[in-house]
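*Asks:* One structure coming up, written as structure tokens, with questions to follow.
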Amino acid sequence: ACLPLTVADHATRHGMTPAALRAAVRRGAGCSPKDYLLGIRLGRAKELLAATELPVAAVARRVGYDDPAYFSRLFTRRVGMPPVRFRAQQGRTVPGGWSDQVPDPADPPIIEWPHAT
């Protein structure tokens with residue numbers, strides 16, 4: 001999903017016509033292939049921004065966008081804030097919320113990252 005391929009290219013890679021791919025994605029995900037791929041790419045970008053110190057341009061390239069300015073505009077439009085601000089916000093949040101109690105060592109908290117499907 002993070003390769004810079006067109007919908008037609010993705011269809012060919014899966015042995016399908018573009019129309020068949022569109023129909024299959026619409027049935028399974030309820031959206032167009034383009035929106036489906038965008039959701040996967042932005043989810044991966046969020047993970048990279050939150051968990052790494054990679055520059056935004058490197059994150060953009062890793063999720064399939066050669067133009068970091070385009071990626072930043074797209075990210076901002078879809079997520080509601082620029083990638084740099086998203087990263088700063090993630091650095092301030094505590095997974096699972098805040099607590100002033102020390103967890104039981106026999107039952108430590110577990111952090112689960114949401115995964116794109």
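In the structure tokens, each chain is lettered A, B, ... as it comes, each chain's residues begin at 1, and ligands are numbered from 1 in order of appearance.
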Could you give me, as a PyMOL selection string, the residues within 7 Å of region 49-60 of chain A, counting only C-alpha atoms and dropping anything in the same chain fewer than 5 positions from it?
*Replies:* chain A and resi 65-66+68+71+83+87+90-91
*Asks:* Step one, run DSSP on the backbone; step two, keep only residues of chain A assigned to alpha helix (DSSP H); then write them as a ChimeraX atom specification.
*Replies:* /A:7-13,18-29,33-51,56-62,68-79,83-92
*Asks:* Which residues are close to Ala11 (chain A), i.e. within 12 Å by only C-alpha atoms, leaving aside same-chain residues fewer than 2 positions away? Reply as a PyMOL selection string.
*Replies:* chain A and resi 1+5-9+13-25+33-34
*Asks:* Write the selection just made, keeping C-alpha atoms, as a PDB file, in the first residue's frame?
*Replies:*
```
ATOM      1  CA  ALA A   1       0.000   0.000   0.000  1.00  0.00           C
ATOM      2  CA  LEU A   5       1.540   2.809  -7.575  1.00  0.00           C
ATOM      3  CA  THR A   6      -1.691   3.738  -9.317  1.00  0.00           C
ATOM      4  CA  VAL A   7      -4.925   1.854  -8.704  1.00  0.00           C
ATOM      5  CA  ALA A   8      -4.437   0.213 -12.116  1.00  0.00           C
ATOM      6  CA  ASP A   9      -0.938  -0.903 -11.065  1.00  0.00           C
ATOM      7  CA  ARG A  13      -0.277  -6.837  -9.309  1.00  0.00           C
ATOM      8  CA  HIS A  14      -3.292  -8.771  -7.996  1.00  0.00           C
ATOM      9  CA  GLY A  15      -4.323 -10.146 -11.384  1.00  0.00           C
ATOM     10  CA  MET A  16      -7.459  -8.019 -11.537  1.00  0.00           C
ATOM     11  CA  THR A  17      -8.897  -5.324 -13.726  1.00  0.00           C
ATOM     12  CA  PRO A  18      -9.158  -1.855 -12.159  1.00  0.00           C
ATOM     13  CA  ALA A  19     -12.961  -2.203 -12.149  1.00  0.00           C
ATOM     14  CA  ALA A  20     -12.776  -5.556 -10.341  1.00  0.00           C
ATOM     15  CA  LEU A  21     -10.380  -4.112  -7.764  1.00  0.00           C
ATOM     16  CA  ARG A  22     -12.659  -1.091  -7.216  1.00  0.00           C
ATOM     17  CA  ALA A  23     -15.658  -3.402  -6.709  1.00  0.00           C
ATOM     18  CA  ALA A  24     -13.776  -5.695  -4.307  1.00  0.00           C
ATOM     19  CA  VAL A  25     -12.458  -2.808  -2.213  1.00  0.00           C
ATOM     20  CA  PRO A  33      -9.267   1.948  -3.527  1.00  0.00           C
ATOM     21  CA  LYS A  34      -7.694   5.413  -3.466  1.00  0.00           C
TER      22      LYS A  34
END
```
*Asks:* Rounded to one decimal place, report the CA of Asp67 (chain A)-CA of Leu38 (chain A) distance in Å.
*Replies:* 15.0 Å
*Asks:* Report, in Å to a single decimal, how far apart CA of Leu42 (chain A) and CA of Pro82 (chain A) are.
*Replies:*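 Result for CA of Pro82 (chain A) versus CA of Leu42 (chain A): 12.0 Å, one decimal.
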